[in-house]
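Shown next: final_11.txt, given as compact mmCIF, C-alpha atoms.
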```txt
# COMPACT_ATOMS: atom_id res chain seq x y z
CA MET A 4 -223.17 92.79 -45.08
CA THR A 5 -225.17 93.56 -41.95
CA GLN A 6 -224.77 91.04 -39.21
CA THR A 7 -225.57 90.67 -35.52
CA ARG A 8 -222.84 88.97 -33.50
CA ALA A 9 -224.04 86.53 -30.87
CA ALA A 10 -222.90 87.50 -27.43
CA GLY A 11 -220.52 84.88 -26.16
CA ALA A 12 -219.86 83.25 -29.54
CA VAL A 13 -216.18 84.00 -29.16
CA ASP A 14 -214.73 85.97 -26.32
CA GLY A 15 -211.28 86.86 -25.13
CA HIS A 16 -210.95 83.59 -23.26
CA GLY A 17 -211.84 81.28 -26.10
CA PHE A 18 -214.80 79.70 -27.83
CA SER A 19 -218.34 79.38 -26.46
CA TYR A 20 -221.01 76.99 -27.75
CA ARG A 21 -223.90 78.88 -26.13
CA PRO A 22 -225.38 80.49 -29.28
CA PHE A 23 -225.51 77.16 -31.09
CA ILE A 24 -227.27 74.97 -28.50
CA TRP A 25 -230.73 75.19 -30.08
CA LEU A 26 -229.25 74.64 -33.53
CA ALA A 27 -227.74 71.42 -32.20
CA VAL A 28 -231.18 70.40 -30.90
CA ALA A 29 -232.60 71.05 -34.37
CA THR A 30 -229.94 68.86 -36.01
CA PHE A 31 -230.65 66.29 -33.29
CA SER A 32 -234.24 66.02 -34.56
CA MET A 33 -232.97 65.73 -38.13
CA GLY A 34 -230.56 63.02 -37.07
CA ILE A 35 -233.34 60.90 -35.59
CA ASP A 36 -235.31 61.32 -38.81
CA GLY A 37 -232.32 60.46 -40.95
CA TYR A 38 -231.42 57.22 -39.19
CA VAL A 39 -234.37 55.73 -37.32
CA LEU A 40 -236.26 54.54 -40.41
CA ALA A 41 -233.35 52.28 -41.34
CA GLY A 42 -233.93 50.24 -38.19
CA LEU A 43 -237.67 49.89 -38.81
CA LEU A 44 -237.82 48.80 -42.46
CA PRO A 45 -239.50 45.44 -41.75
CA GLN A 46 -242.24 47.10 -39.67
CA ILE A 47 -242.80 49.86 -42.24
CA ALA A 48 -242.92 47.39 -45.10
CA GLY A 49 -245.47 45.22 -43.29
CA ASP A 50 -247.71 48.09 -42.24
CA LEU A 51 -247.74 49.82 -45.64
CA SER A 52 -247.85 46.54 -47.59
CA VAL A 53 -244.66 47.13 -49.59
CA THR A 54 -241.29 45.37 -49.85
CA ALA A 55 -238.36 46.25 -47.60
CA ALA A 56 -236.57 47.74 -50.63
CA ALA A 57 -239.59 49.97 -51.31
CA ALA A 58 -239.71 51.01 -47.66
CA GLY A 59 -236.06 52.01 -47.98
CA GLN A 60 -237.07 54.46 -50.70
CA LEU A 61 -238.73 56.61 -48.02
CA MET A 62 -235.15 57.61 -47.23
CA SER A 63 -234.25 57.97 -50.91
CA VAL A 64 -237.13 60.30 -51.78
CA PHE A 65 -236.22 62.53 -48.83
CA ALA A 66 -232.61 62.74 -49.97
CA PHE A 67 -233.37 63.28 -53.69
CA THR A 68 -235.83 66.06 -52.86
CA ALA A 69 -233.31 67.73 -50.55
CA ALA A 70 -230.56 67.51 -53.17
CA LEU A 71 -232.65 69.16 -55.89
CA ALA A 72 -234.50 71.72 -53.77
CA GLY A 73 -231.63 72.83 -51.53
CA PRO A 74 -229.93 75.34 -53.88
CA VAL A 75 -233.26 76.72 -55.12
CA LEU A 76 -234.78 77.24 -51.68
CA GLY A 77 -231.49 78.60 -50.38
CA THR A 78 -231.52 81.22 -53.16
CA LEU A 79 -235.16 82.18 -52.71
CA THR A 80 -234.60 82.77 -49.00
CA SER A 81 -231.06 84.19 -49.20
CA ARG A 82 -232.19 87.76 -48.38
CA TRP A 83 -234.29 86.67 -45.42
CA GLU A 84 -233.12 87.15 -41.88
CA ARG A 85 -231.40 83.89 -40.92
CA ARG A 86 -233.27 83.13 -37.70
CA THR A 87 -236.58 83.47 -39.54
CA THR A 88 -235.34 81.16 -42.28
CA ILE A 89 -234.16 78.53 -39.80
CA ALA A 90 -237.45 78.67 -37.88
CA LEU A 91 -239.60 78.35 -41.02
CA ALA A 92 -237.51 75.49 -42.37
CA LEU A 93 -237.75 73.63 -39.07
CA ALA A 94 -241.54 74.13 -38.95
CA VAL A 95 -241.94 72.61 -42.43
CA PHE A 96 -239.69 69.71 -41.42
CA VAL A 97 -241.86 69.06 -38.36
CA LEU A 98 -245.04 69.16 -40.47
CA GLY A 99 -243.64 66.62 -42.91
CA ASN A 100 -242.82 64.19 -40.13
CA LEU A 101 -246.30 64.54 -38.66
CA ILE A 102 -247.77 63.62 -42.05
CA VAL A 103 -245.54 60.53 -42.24
CA GLY A 104 -246.53 59.59 -38.71
CA ILE A 105 -250.24 59.52 -39.55
CA ALA A 106 -249.96 58.28 -43.16
CA THR A 107 -252.54 55.61 -44.00
CA ASN A 108 -250.74 54.37 -47.12
CA TYR A 109 -247.40 54.41 -48.92
CA PRO A 110 -248.09 57.39 -51.27
CA ILE A 111 -249.08 59.63 -48.34
CA ALA A 112 -245.93 58.59 -46.48
CA LEU A 113 -243.87 59.48 -49.57
CA GLY A 114 -245.59 62.87 -49.74
CA GLY A 115 -244.79 63.52 -46.10
CA ARG A 116 -241.16 62.67 -46.74
CA VAL A 117 -241.05 65.18 -49.61
CA ILE A 118 -242.44 67.94 -47.36
CA ALA A 119 -240.00 67.04 -44.58
CA ALA A 120 -237.15 67.13 -47.10
CA LEU A 121 -238.09 70.63 -48.29
CA GLY A 122 -237.77 71.90 -44.73
CA GLY A 123 -234.74 69.77 -43.91
CA CYS A 124 -232.59 70.85 -46.87
CA LEU A 125 -233.20 74.53 -46.20
CA LEU A 126 -232.59 74.01 -42.49
CA ASN A 127 -229.27 72.29 -43.10
CA ALA A 128 -227.96 75.02 -45.40
CA ALA A 129 -229.20 77.85 -43.18
CA VAL A 130 -227.75 76.37 -40.00
CA THR A 131 -224.33 75.72 -41.54
CA GLY A 132 -224.16 79.19 -43.06
CA TYR A 133 -225.20 80.71 -39.74
CA VAL A 134 -222.46 78.90 -37.84
CA ILE A 135 -219.75 79.81 -40.35
CA ALA A 136 -220.80 83.47 -40.40
CA LEU A 137 -220.84 83.74 -36.62
CA THR A 138 -217.45 82.19 -35.87
CA PRO A 139 -213.90 83.12 -36.91
CA PRO A 140 -212.08 80.68 -39.23
CA GLU A 141 -209.88 79.23 -36.48
CA HIS A 142 -213.00 77.99 -34.67
CA HIS A 143 -214.98 76.69 -37.67
CA GLY A 144 -213.98 73.09 -36.95
CA LYS A 145 -215.16 73.13 -33.33
CA ALA A 146 -218.33 75.07 -34.11
CA LEU A 147 -219.39 72.80 -36.96
CA SER A 148 -218.47 69.75 -34.92
CA PHE A 149 -220.71 70.95 -32.08
CA VAL A 150 -223.74 71.66 -34.27
CA LEU A 151 -223.28 68.51 -36.35
CA GLY A 152 -222.84 66.74 -33.03
CA GLY A 153 -226.58 67.11 -32.57
CA TRP A 154 -227.01 64.82 -35.57
CA MET A 155 -224.43 62.40 -34.22
CA THR A 156 -225.98 62.43 -30.75
CA ALA A 157 -229.29 61.51 -32.34
CA THR A 158 -227.75 58.32 -33.70
CA ALA A 159 -226.50 57.43 -30.22
CA LEU A 160 -229.51 58.41 -28.12
CA GLY A 161 -232.48 59.41 -30.24
CA VAL A 162 -232.38 56.49 -32.66
CA PRO A 163 -232.20 53.74 -29.99
CA ILE A 164 -235.07 55.42 -28.12
CA GLY A 165 -236.96 55.69 -31.39
CA LEU A 166 -236.36 52.03 -32.13
CA VAL A 167 -237.61 51.03 -28.67
CA ILE A 168 -240.88 52.90 -29.02
CA GLY A 169 -240.99 51.88 -32.67
CA GLN A 170 -241.42 48.24 -31.70
CA SER A 171 -245.05 49.10 -30.86
CA SER A 172 -245.51 51.20 -33.99
CA TRP A 173 -243.00 52.63 -36.46
CA ARG A 174 -245.12 55.82 -36.44
CA PHE A 175 -244.18 56.77 -32.89
CA PRO A 176 -240.58 57.74 -33.75
CA MET A 177 -241.91 60.12 -36.43
CA ILE A 178 -244.04 61.79 -33.77
CA MET A 179 -240.98 61.93 -31.52
CA VAL A 180 -239.04 63.72 -34.27
CA ALA A 181 -241.83 66.27 -34.55
CA VAL A 182 -241.88 66.85 -30.79
CA VAL A 183 -238.09 67.34 -30.57
CA GLY A 184 -238.21 69.61 -33.61
CA THR A 185 -240.94 71.70 -31.99
CA ILE A 186 -238.88 72.09 -28.81
CA ALA A 187 -235.92 73.25 -30.92
CA LEU A 188 -238.20 75.66 -32.80
CA VAL A 189 -239.33 77.32 -29.57
CA GLY A 190 -235.74 77.62 -28.35
CA ILE A 191 -234.59 79.12 -31.65
CA LEU A 192 -237.36 81.73 -31.68
CA LEU A 193 -236.65 82.73 -28.08
CA ARG A 194 -232.86 82.48 -27.81
CA LEU A 195 -231.13 82.54 -31.21
CA PRO A 196 -229.67 85.94 -32.16
CA ARG A 197 -230.78 87.51 -35.43
CA LEU A 198 -228.38 87.45 -38.35
CA HIS A 199 -228.47 89.10 -41.78
CA LEU A 200 -226.26 87.85 -44.62
CA PRO A 201 -225.92 89.04 -48.23
CA GLY A 202 -228.47 87.64 -50.67
CA GLY A 203 -227.69 86.04 -54.00
CA THR A 204 -229.11 84.56 -57.16
CA LEU A 205 -229.26 80.93 -58.24
CA VAL A 206 -226.51 81.72 -60.75
CA ASP A 207 -224.34 82.99 -57.90
CA ARG A 208 -224.97 79.82 -55.93
CA LEU A 209 -224.13 77.55 -58.83
CA ARG A 210 -221.14 79.56 -60.04
CA PRO A 211 -218.63 77.55 -57.91
CA LEU A 212 -219.63 74.48 -59.95
CA LYS A 213 -217.81 76.03 -62.91
CA GLN A 214 -214.57 75.18 -61.12
CA PRO A 215 -213.80 71.53 -62.00
CA ARG A 216 -211.70 71.12 -58.86
CA LEU A 217 -214.53 72.27 -56.58
CA LEU A 218 -217.13 70.22 -58.43
CA ALA A 219 -214.95 67.15 -57.99
CA GLY A 220 -214.60 68.00 -54.30
CA LEU A 221 -218.39 68.05 -53.93
CA LEU A 222 -218.56 64.67 -55.67
CA VAL A 223 -216.27 63.32 -52.94
CA THR A 224 -219.03 64.22 -50.47
CA THR A 225 -221.55 62.41 -52.66
CA GLY A 226 -219.32 59.34 -52.78
CA ILE A 227 -218.88 59.19 -49.00
CA LEU A 228 -222.62 59.39 -48.35
CA CYS A 229 -223.49 57.04 -51.21
CA SER A 230 -221.22 54.32 -49.84
CA SER A 231 -222.55 54.90 -46.32
CA TYR A 232 -226.26 54.70 -47.15
CA THR A 233 -225.83 51.76 -49.50
CA CYS A 234 -225.25 49.73 -46.33
CA PHE A 235 -226.76 51.74 -43.49
CA THR A 236 -230.25 51.88 -45.00
CA TYR A 237 -230.31 48.07 -44.99
CA ALA A 238 -228.25 47.51 -41.84
CA THR A 239 -231.03 45.45 -40.25
CA LEU A 240 -230.94 43.09 -43.24
CA ILE A 241 -227.14 42.80 -43.05
CA LEU A 242 -226.82 42.28 -39.31
CA GLY A 243 -230.25 40.82 -38.55
CA PRO A 244 -229.33 37.21 -39.45
CA HIS A 245 -226.50 37.34 -36.87
CA PHE A 246 -228.48 39.15 -34.14
CA HIS A 247 -232.07 37.98 -34.07
CA ALA A 248 -233.35 39.78 -30.96
CA HIS A 249 -234.90 43.23 -31.39
CA TRP A 250 -232.97 44.53 -28.41
CA ALA A 251 -229.69 43.48 -30.06
CA ILE A 252 -230.36 45.64 -33.11
CA ILE A 253 -231.26 48.56 -30.84
CA LEU A 254 -227.97 48.19 -28.96
CA ILE A 255 -226.07 47.94 -32.23
CA MET A 256 -227.66 51.15 -33.49
CA PHE A 257 -226.73 52.77 -30.19
CA GLY A 258 -223.13 51.64 -30.70
CA TYR A 259 -223.14 53.07 -34.23
CA GLY A 260 -224.33 56.40 -32.88
CA VAL A 261 -221.64 56.52 -30.20
CA SER A 262 -219.04 55.66 -32.84
CA SER A 263 -220.30 58.47 -35.09
CA MET A 264 -220.13 60.93 -32.21
CA ALA A 265 -216.59 59.85 -31.44
CA GLY A 266 -215.51 60.24 -35.06
CA ASN A 267 -217.11 63.67 -35.32
CA ALA A 268 -215.55 64.91 -32.07
CA ILE A 269 -212.08 63.61 -32.91
CA THR A 270 -211.87 64.98 -36.45
CA GLY A 271 -213.43 68.29 -35.40
CA ARG A 272 -210.41 68.89 -33.20
CA LEU A 273 -207.86 67.39 -35.58
CA VAL A 274 -208.98 69.73 -38.36
CA ASP A 275 -208.12 72.73 -36.17
CA ARG A 276 -204.65 71.26 -35.54
CA PHE A 277 -203.74 69.52 -38.78
CA SER A 278 -204.59 69.71 -42.46
CA ALA A 279 -208.22 68.91 -43.28
CA ILE A 280 -206.98 67.10 -46.39
CA ARG A 281 -204.71 64.85 -44.33
CA VAL A 282 -207.50 64.00 -41.89
CA LEU A 283 -209.94 63.28 -44.71
CA THR A 284 -207.44 61.06 -46.52
CA VAL A 285 -207.00 58.87 -43.45
CA VAL A 286 -210.78 58.64 -42.97
CA LEU A 287 -211.46 57.64 -46.59
CA ILE A 288 -208.75 54.99 -46.76
CA GLY A 289 -209.94 53.58 -43.43
CA LEU A 290 -213.53 53.36 -44.71
CA LEU A 291 -212.39 51.55 -47.85
CA LEU A 292 -210.33 48.95 -45.99
CA ASN A 293 -213.12 48.48 -43.46
CA SER A 294 -215.68 47.81 -46.19
CA ILE A 295 -213.50 45.21 -47.93
CA LEU A 296 -212.59 43.35 -44.73
CA GLY A 297 -216.19 43.49 -43.50
CA MET A 298 -217.56 41.96 -46.70
CA VAL A 299 -215.02 39.12 -46.66
CA ALA A 300 -215.74 38.32 -43.00
CA LEU A 301 -219.54 38.42 -43.32
CA MET A 302 -219.59 36.28 -46.45
CA PHE A 303 -216.90 33.69 -45.73
CA ALA A 304 -216.02 33.58 -42.01
CA PRO A 305 -217.63 31.11 -39.55
CA ALA A 306 -220.86 32.32 -37.98
CA VAL A 307 -219.39 33.53 -34.68
CA VAL A 308 -216.47 35.30 -36.36
CA ALA A 309 -218.80 36.85 -38.92
CA ALA A 310 -221.05 38.20 -36.17
CA VAL A 311 -218.15 39.73 -34.24
CA TRP A 312 -216.54 41.18 -37.33
CA GLY A 313 -219.92 42.50 -38.44
CA LEU A 314 -219.96 44.63 -35.31
CA VAL A 315 -216.38 45.76 -35.92
CA TRP A 316 -217.28 46.75 -39.47
CA PHE A 317 -220.45 48.61 -38.48
CA PHE A 318 -218.94 50.56 -35.59
CA SER A 319 -215.81 51.42 -37.60
CA ALA A 320 -218.04 52.67 -40.40
CA GLY A 321 -219.77 54.86 -37.81
CA VAL A 322 -216.43 56.40 -36.79
CA GLY A 323 -215.48 57.05 -40.40
CA ASN A 324 -218.83 58.36 -41.58
CA GLY A 325 -219.20 60.58 -38.52
CA GLY A 326 -215.62 61.77 -38.81
CA GLY A 327 -215.67 62.64 -42.50
CA ALA A 328 -218.15 65.52 -42.33
CA VAL A 329 -216.06 68.23 -40.65
CA PRO A 330 -212.79 67.82 -42.60
CA GLN A 331 -214.70 67.65 -45.89
CA GLN A 332 -216.63 70.84 -45.14
CA ALA A 333 -213.48 72.58 -43.96
CA ARG A 334 -211.61 71.50 -47.11
CA LEU A 335 -214.40 72.75 -49.39
CA ALA A 336 -214.58 76.09 -47.58
CA THR A 337 -210.85 76.68 -48.09
CA MET A 338 -211.13 75.83 -51.80
CA ALA A 339 -213.47 78.79 -52.33
CA PRO A 340 -213.18 81.08 -49.29
CA GLU A 341 -214.96 83.94 -51.02
CA SER A 342 -218.00 81.70 -51.59
CA ALA A 343 -217.78 79.56 -48.45
CA THR A 344 -221.46 79.87 -47.50
CA ILE A 345 -222.58 78.97 -51.03
CA VAL A 346 -220.17 76.05 -51.23
CA ILE A 347 -221.38 74.65 -47.91
CA ALA A 348 -224.96 74.91 -49.17
CA LEU A 349 -223.98 72.99 -52.30
CA ASN A 350 -222.26 70.46 -50.06
CA GLY A 351 -225.61 69.94 -48.34
CA SER A 352 -227.09 69.04 -51.72
CA ALA A 353 -224.15 66.71 -52.37
CA ILE A 354 -224.85 65.00 -49.02
CA SER A 355 -228.52 64.55 -49.89
CA LEU A 356 -227.70 63.28 -53.37
CA GLY A 357 -225.24 60.74 -51.98
CA SER A 358 -227.74 59.56 -49.38
CA ALA A 359 -230.42 59.15 -52.04
CA LEU A 360 -228.14 57.34 -54.47
CA GLY A 361 -226.89 55.02 -51.73
CA SER A 362 -230.38 54.06 -50.53
CA ALA A 363 -231.60 53.62 -54.09
CA LEU A 364 -228.52 51.68 -55.20
CA GLY A 365 -228.80 49.33 -52.24
CA GLY A 366 -232.47 48.74 -53.04
CA VAL A 367 -231.71 48.05 -56.70
CA ALA A 368 -228.92 45.62 -55.77
CA LEU A 369 -231.20 43.72 -53.41
CA THR A 370 -234.02 43.63 -55.96
CA ALA A 371 -231.57 42.32 -58.55
CA GLY A 372 -230.74 39.40 -56.27
CA ALA A 373 -227.67 40.59 -54.36
CA SER A 374 -227.31 39.37 -50.79
CA PRO A 375 -227.35 41.99 -48.00
CA ASP A 376 -223.69 41.14 -47.27
CA GLY A 377 -222.87 41.95 -50.89
CA LEU A 378 -223.85 45.56 -50.29
CA LEU A 379 -220.51 46.03 -48.53
CA GLY A 380 -218.80 45.19 -51.79
CA VAL A 381 -220.91 47.76 -53.62
CA ALA A 382 -219.94 50.31 -50.99
CA GLY A 383 -216.29 49.31 -51.39
CA VAL A 384 -216.37 50.02 -55.14
CA ILE A 385 -217.92 53.44 -54.49
CA LEU A 386 -215.26 54.20 -51.87
CA ALA A 387 -212.44 53.17 -54.20
CA ILE A 388 -213.73 55.65 -56.78
CA THR A 389 -214.15 58.29 -54.07
CA VAL A 390 -210.60 57.86 -52.74
CA THR A 391 -209.22 58.19 -56.27
CA LEU A 392 -211.26 61.34 -56.87
CA HIS A 393 -210.17 62.77 -53.52
CA LEU A 394 -206.50 62.26 -54.36
CA LEU A 395 -206.98 63.94 -57.75
CA VAL A 396 -208.68 66.91 -56.08
CA THR A 397 -205.87 67.14 -53.54
CA ARG A 398 -203.26 67.12 -56.28
CA ALA A 399 -205.13 69.82 -58.22
CA SER A 400 -205.48 71.93 -55.09
CA ARG A 401 -201.75 71.78 -54.42
CA ARG A 402 -200.98 72.79 -58.00
CA ALA A 403 -203.40 75.71 -57.70
CA ALA A 404 -201.79 76.80 -54.42
CA ALA A 405 -198.32 76.61 -55.95
CA ALA A 406 -199.44 78.61 -58.97
```

Give the structure from the file, written as structure tokens.
Amino acid sequence: MTQTRAAGAVDGHGFSYRPFIWLAVATFSMGIDGYVLAGLLPQIAGDLSVTAAAAGQLMSVFAFTAALAGPVLGTLTSRWERRTTIALALAVFVLGNLIVGIATNYPIALGGRVIAALGGCLLNAAVTGYVIALTPPEHHGKALSFVLGGWMTATALGVPIGLVIGQSSWRFPMIMVAVVGTIALVGILLRLPRLHLPGGTLVDRLRPLKQPRLLAGLLVTTGILCSSYTCFTYATLILGPHFHAHWAIILIMFGYGVSSMAGNAITGRLVDRFSAIRVLTVVLIGLLLNSILGMVALMFAPAVVAAVWGLVWFFSAGVGNGGGAVPQQARLATMAPESATIVIALNGSAISLGSALGSALGGVALTAGASPDGLLGVAGVILAITVTLHLLVTRASRRAAAA
């Protein structure tokens, strides 16, 4: 393997975030894209003359495309220099968002989402592999937390700003995503060190899936994201009846973003101090209990109590969903250390698949007549299955370590 170390990535005095700043800006643009549409479903549906459930599928088609194309594109570009790959992927992502921003009808918007997804899935895999390759194992948690923090920061800052300007037109946030992505692209081309990693075939990339324990671990990722997007995609429908003002929803989305940032920052440090499995177990059980209590409160509590508890549920979900990413990636990397980069790329596909399934499942439930509050129950069932699967994977991992 030939590789160029970034000056200042790790020095004798500790860890430096300097090489990863522009990568964090890139994930910031992806974070705005990934979350802002959920707060604008009514406007999108009205403008494109579709139902709110159909508008939600703009998030599903992005995620399904990313899940399927991620391993293939990652393989086709595996021998490319990493900075070039990241820059190209980001450029395609920006183009896709521009198309969505100027789309005159629903099919064109869907096409733009597909193009954005092709760039986004390759960008996610390339960025994660770059960070892992450029940092020693004892700093993986902090490095990944910093880069993923761009995504989390987007939910706290970018999404509320996008929702504010989106009140005039839902298209403006898509243009904002393209502008931020372009700024990141310039920074990456000018400041990011070059990096060469070994190439591989699609068979090599899919080989870890032959291990039942690792495949089950990836399905845990899918379960977490599926439960999250089942509710988050339709958060305005769940919380809207309790908070009618547009500014209230914007503030709530801001609170969710801050909660996600807090969860990401906390678990990023805990993983470097404690077992990733232990941290992930606490996060998953907390998400499950939060979903059950939230559903009961929203469906049966008096109006004022339901509104307050709705906020508690939503912000707690932000902490859990933001905090689950780093320990899950760290756990997967330790399950197959010789294929860590490939496993993380597959985890990106598992994330996209879970996001797509969650958005689609929520839309199907609403179309079938379920109330928005009932989506918390759907998420709770998914989380119960996910917790069970996580415990089975943990048990299998311990047996493998003992053997």

>> What's around Ala69 of chain A at 12 Å? Count only C-alpha atoms, leave out sequence neighbours fewer than 2 positions away in its own chain, and write the answer as a ChimeraX atom specification.
In response: /A:62-67,71-77,96,116-128,348-359

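Distances here use only C-alpha atoms; by that measure, the residue among A:Ala219, A:Val28, A:Ile168, A:Ala58 closest to Val130 of chain A is A:Val28.
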
>> Could you check the closest approach to Leu240 of chain A for each of A:Ala112, A:Val346, A:Ile252, A:Ala70 and tell me which residue wins, using all atoms listed in the file?
In response: A:Ile252

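Between Leu160 of chain A and the candidates A:Ile280, A:Leu91, A:Ile35, A:Val97, the tightest atom-to-atom separation, counting only C-alpha atoms, involves A:Ile35.
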
>> Here is a test: counting all atoms listed in the file, which residue of A:Val53, A:Ala251, A:Gly104, A:Glu141 is nearest to Thr239 of chain A?
In response: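 Checking each of A:Val53, A:Ala251, A:Gly104, A:Glu141 against Thr239 of chain A, counting all atoms listed in the file, the winner is A:Ala251.
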
> Distance atom CA of Ser148 of chain A-atom CA of Pro22 of chain A, one decimal place?
Replying inline: 14.0 Å

> atom CA of Leu242 of chain A to atom CA of Gly377 of chain A: how many Å, to one decimal?
Replying inline: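 One can read the atom CA of Leu242 of chain A to atom CA of Gly377 of chain A distance as 12.2 Å.
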
>> Please determine, counting only C-alpha atoms, which residue among A:His199, A:Ile89, A:Tyr237, A:Ala56 has the shortest atom-to-atom distance to Ala371 of chain A.
In response: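 Nearest to Ala371 of chain A: A:Ala56.
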
> Which is closer to Met256 of chain A than all the others in A:Val329, A:Leu314, A:Leu369, A:Val307, using only C-alpha atoms?
Replying inline: A:Leu314

>> Applying 12 Å and all atoms listed in the file, which residues near Ser52 of chain A remain after dropping the ones on its own chain fewer than 5 positions away? List them as a ChimeraX atom specification.
In response: /A:44-47,57-58,107-110

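The two atoms in question, atom CA of Leu254 of chain A and atom CA of Pro163 of chain A, are spaced 7.1 Å apart.
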
>> At a cut-off of 8 Å, using all atoms listed in the file, what residues contact Leu378 of chain A? Leave out same-chain residues fewer than 2 positions from it and give the result as a list in words.
In response: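 Counting only the stated atoms, we get Thr233, Cys234, Gly365, Ala368, Ala373, Ser374, Pro375, Asp376, Gly380, Val381 and Ala382 of chain A.
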
>> Give me the residues near Phe23 of chain A as a ChimeraX atom specification, where near means some atom within 9 Å (using all atoms listed in the file) and where sequence neighbours in that chain fewer than 5 positions away do not count.
In response: /A:12,28,134,146,149-150,195

>> Neighbouring residues of Thr88 of chain A were defined as those with any atom within 9 Å, considering all atoms listed in the file; residues of the same chain fewer than 5 positions away were excluded. Please report them as number ranges by chain.
In response: A: 80-81, 83, 93, 125-126, 129

Extract segment 303-315 of chain A from the coordinates I pasted, and write it as a PDB file, in the first residue's frame (atoms kept: N, CA and C atoms).
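The result, written out as out-v8.pdb:
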```
ATOM      1  N   PHE A 303     -52.097   8.878  24.218  1.00  0.00           N
ATOM      2  CA  PHE A 303     -53.063   8.765  25.316  1.00  0.00           C
ATOM      3  C   PHE A 303     -52.985   9.888  26.350  1.00  0.00           C
ATOM      4  N   ALA A 304     -51.896  10.642  26.392  1.00  0.00           N
ATOM      5  CA  ALA A 304     -51.756  11.680  27.420  1.00  0.00           C
ATOM      6  C   ALA A 304     -52.568  12.916  27.036  1.00  0.00           C
ATOM      7  N   PRO A 305     -52.929  13.758  28.026  1.00  0.00           N
ATOM      8  CA  PRO A 305     -53.584  15.038  27.718  1.00  0.00           C
ATOM      9  C   PRO A 305     -52.732  15.872  26.774  1.00  0.00           C
ATOM     10  N   ALA A 306     -53.354  16.828  26.109  1.00  0.00           N
ATOM     11  CA  ALA A 306     -52.699  17.569  25.037  1.00  0.00           C
ATOM     12  C   ALA A 306     -51.385  18.215  25.470  1.00  0.00           C
ATOM     13  N   VAL A 307     -51.395  18.890  26.614  1.00  0.00           N
ATOM     14  CA  VAL A 307     -50.187  19.581  27.061  1.00  0.00           C
ATOM     15  C   VAL A 307     -49.075  18.582  27.372  1.00  0.00           C
ATOM     16  N   VAL A 308     -49.431  17.515  28.077  1.00  0.00           N
ATOM     17  CA  VAL A 308     -48.447  16.490  28.428  1.00  0.00           C
ATOM     18  C   VAL A 308     -47.906  15.829  27.163  1.00  0.00           C
ATOM     19  N   ALA A 309     -48.795  15.559  26.206  1.00  0.00           N
ATOM     20  CA  ALA A 309     -48.376  14.929  24.964  1.00  0.00           C
ATOM     21  C   ALA A 309     -47.392  15.812  24.200  1.00  0.00           C
ATOM     22  N   ALA A 310     -47.651  17.126  24.203  1.00  0.00           N
ATOM     23  CA  ALA A 310     -46.757  18.043  23.507  1.00  0.00           C
ATOM     24  C   ALA A 310     -45.374  18.059  24.151  1.00  0.00           C
ATOM     25  N   VAL A 311     -45.348  18.142  25.496  1.00  0.00           N
ATOM     26  CA  VAL A 311     -44.070  18.174  26.202  1.00  0.00           C
ATOM     27  C   VAL A 311     -43.315  16.864  26.006  1.00  0.00           C
ATOM     28  N   TRP A 312     -44.038  15.765  26.161  1.00  0.00           N
ATOM     29  CA  TRP A 312     -43.373  14.465  26.024  1.00  0.00           C
ATOM     30  C   TRP A 312     -42.957  14.201  24.581  1.00  0.00           C
ATOM     31  N   GLY A 313     -43.700  14.788  23.628  1.00  0.00           N
ATOM     32  CA  GLY A 313     -43.288  14.676  22.237  1.00  0.00           C
ATOM     33  C   GLY A 313     -41.910  15.278  22.011  1.00  0.00           C
ATOM     34  N   LEU A 314     -41.650  16.404  22.666  1.00  0.00           N
ATOM     35  CA  LEU A 314     -40.328  17.011  22.574  1.00  0.00           C
ATOM     36  C   LEU A 314     -39.270  16.136  23.240  1.00  0.00           C
ATOM     37  N   VAL A 315     -39.618  15.585  24.408  1.00  0.00           N
ATOM     38  CA  VAL A 315     -38.677  14.704  25.111  1.00  0.00           C
ATOM     39  C   VAL A 315     -38.324  13.515  24.224  1.00  0.00           C
TER      40      VAL A 315
END
```
